[in-house]
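Next comes protein07.txt, with compact mmCIF, C-alpha atoms and all ligand atoms.
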# COMPACT_ATOMS: atom_id res chain seq x y z
CA MET A 279 -4.60 -81.61 61.88
CA SER A 280 -6.50 -84.85 61.73
CA ARG A 281 -8.06 -87.40 64.00
CA ARG A 282 -8.09 -86.68 67.70
CA TYR A 283 -7.56 -88.74 70.81
CA ARG A 284 -8.79 -86.11 73.25
CA GLY A 285 -12.07 -85.08 74.77
CA HIS A 286 -14.62 -87.68 73.73
CA MET A 287 -12.65 -88.65 70.64
CA SER A 288 -10.73 -91.90 70.28
CA GLY A 289 -9.58 -91.66 66.68
CA GLU A 290 -13.01 -91.79 65.07
CA ARG A 291 -13.26 -90.18 61.62
CA TYR A 292 -16.32 -88.01 62.32
CA LEU A 293 -16.72 -85.40 65.02
CA ALA A 294 -20.13 -83.88 65.70
CA ASP A 295 -20.58 -80.48 67.33
CA THR A 296 -23.31 -80.91 69.91
CA ASN A 297 -23.82 -77.16 70.32
CA PRO A 298 -27.55 -76.85 69.48
CA GLU A 299 -26.88 -73.75 67.39
CA MET A 300 -24.41 -75.64 65.21
CA HIS A 301 -25.22 -79.33 65.29
CA HIS A 302 -22.85 -80.14 62.45
CA VAL A 303 -20.80 -83.22 61.79
CA HIS A 304 -17.22 -82.85 60.54
CA ASP A 305 -14.97 -85.21 58.61
CA LEU A 306 -11.60 -85.10 60.36
CA ASP A 307 -9.91 -86.70 57.35
CA ASN A 308 -10.88 -83.61 55.32
CA GLU A 309 -10.72 -81.01 58.06
CA LYS A 310 -10.62 -77.30 57.16
CA THR A 311 -9.61 -74.35 59.30
CA GLU A 312 -13.20 -73.13 59.22
CA CYS A 313 -14.39 -76.27 61.01
CA GLN A 314 -12.81 -74.90 64.22
CA ILE A 315 -12.44 -78.40 65.61
CA GLU A 316 -10.13 -77.22 68.38
CA ALA A 317 -12.78 -74.79 69.65
CA ILE A 318 -15.34 -77.60 69.73
CA LEU A 319 -12.93 -79.78 71.73
CA ARG A 320 -12.12 -76.95 74.14
CA ALA A 321 -15.83 -76.43 74.75
CA GLY A 322 -16.31 -80.14 75.38
CA LEU A 323 -18.98 -80.31 72.67
CA ASP A 324 -17.38 -83.05 70.57
CA LYS A 325 -19.20 -86.29 69.95
CA PRO A 326 -17.53 -89.08 67.98
CA PHE A 327 -19.06 -91.07 65.11
CA PHE A 328 -17.60 -93.80 62.96
CA THR A 329 -19.87 -93.00 60.00
CA ARG A 330 -21.70 -89.98 58.60
CA LEU A 331 -24.85 -92.05 58.47
CA ASP A 332 -24.81 -92.57 62.24
CA ALA A 333 -24.40 -88.83 62.82
CA GLY A 334 -27.22 -88.12 60.37
CA ARG A 335 -29.52 -90.49 62.23
CA GLU A 336 -29.00 -88.36 65.32
CA GLY A 337 -29.91 -85.22 63.41
CA PHE A 338 -26.47 -83.76 62.74
CA THR A 339 -26.13 -81.92 59.44
CA ARG A 340 -22.93 -81.99 57.42
CA CYS A 341 -20.41 -79.20 57.66
CA ASP A 342 -20.20 -77.17 54.44
CA TYR A 343 -16.42 -76.94 54.63
CA CYS A 344 -15.28 -80.50 55.13
CA LEU A 345 -18.39 -82.32 53.89
CA GLY A 346 -19.64 -79.87 51.23
CA GLU A 347 -20.98 -81.05 47.89
CA SER A 348 -17.67 -80.38 46.16
CA SER A 349 -15.63 -82.51 48.53
CA ARG A 350 -14.93 -86.18 48.05
CA GLU A 351 -17.15 -88.66 49.83
ZN ZN B 401 -16.14 -79.29 58.99
If you convert what's in this file into structure tokens, what do you get?
Amino acid sequence: MSRRYRGHMSGERYLADTNPEMHHVHDLDNEKTECQIEAILRAGLDKPFFTRLDAGREGFTRCDYCLGESSRE
């Protein structure tokens, strides 16, 4: 799986989960099963970002699976 053109997404690299209990941002170019991107899309909680910085400015924290310390930037 990779970038999406569904829901609110139009091919942006980063997808934020606007569920207040999650509030994570995911890197779709490094997506892992654990990110459960499809569930976020089904729930309509996806919010697109072109950069991690933009998502961080809105208070989204990075996902440990696709944006963990061990992953590439
Ligand atoms: Zn993720």
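Note that CA of Thr296 (chain A) and CA of Phe327 (chain A) are 12.0 Å apart.
The coordinates place CA of Glu299 (chain A) at 22.5 Å from CA of Phe328 (chain A).
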Quiz item: Can you tell me, as number ranges by chain, what residues are no more than 12 Å from Leu323 (chain A) when counting all atoms listed in the file, ignoring any on the same chain fewer than 2 positions away?
Solution: A: 284-287, 293-303, 314-321, 325-326
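Interatomic distance, CA of Asp332 (chain A) against CA of Lys310 (chain A): 21.5 Å.
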Would you give me, as CSV, each residue of chain A having an atom within 7 Å of an atom of ligand ZN 401 (chain B), along with its shortest atom pair and that distance in Å to one decimal, using only C-alpha atoms and all ligand atoms and sorting by chain and residue number?
residue,atom,partner,partner_atom,distance
A:Val303,CA,B:ZN401,ZN,6.7
A:His304,CA,B:ZN401,ZN,4.0
A:Asp305,CA,B:ZN401,ZN,6.0
A:Glu309,CA,B:ZN401,ZN,5.8
A:Lys310,CA,B:ZN401,ZN,6.1
A:Glu312,CA,B:ZN401,ZN,6.8
A:Cys313,CA,B:ZN401,ZN,4.0
A:Cys341,CA,B:ZN401,ZN,4.5
A:Asp342,CA,B:ZN401,ZN,6.5
A:Tyr343,CA,B:ZN401,ZN,5.0
A:Cys344,CA,B:ZN401,ZN,4.1
A:Leu345,CA,B:ZN401,ZN,6.3
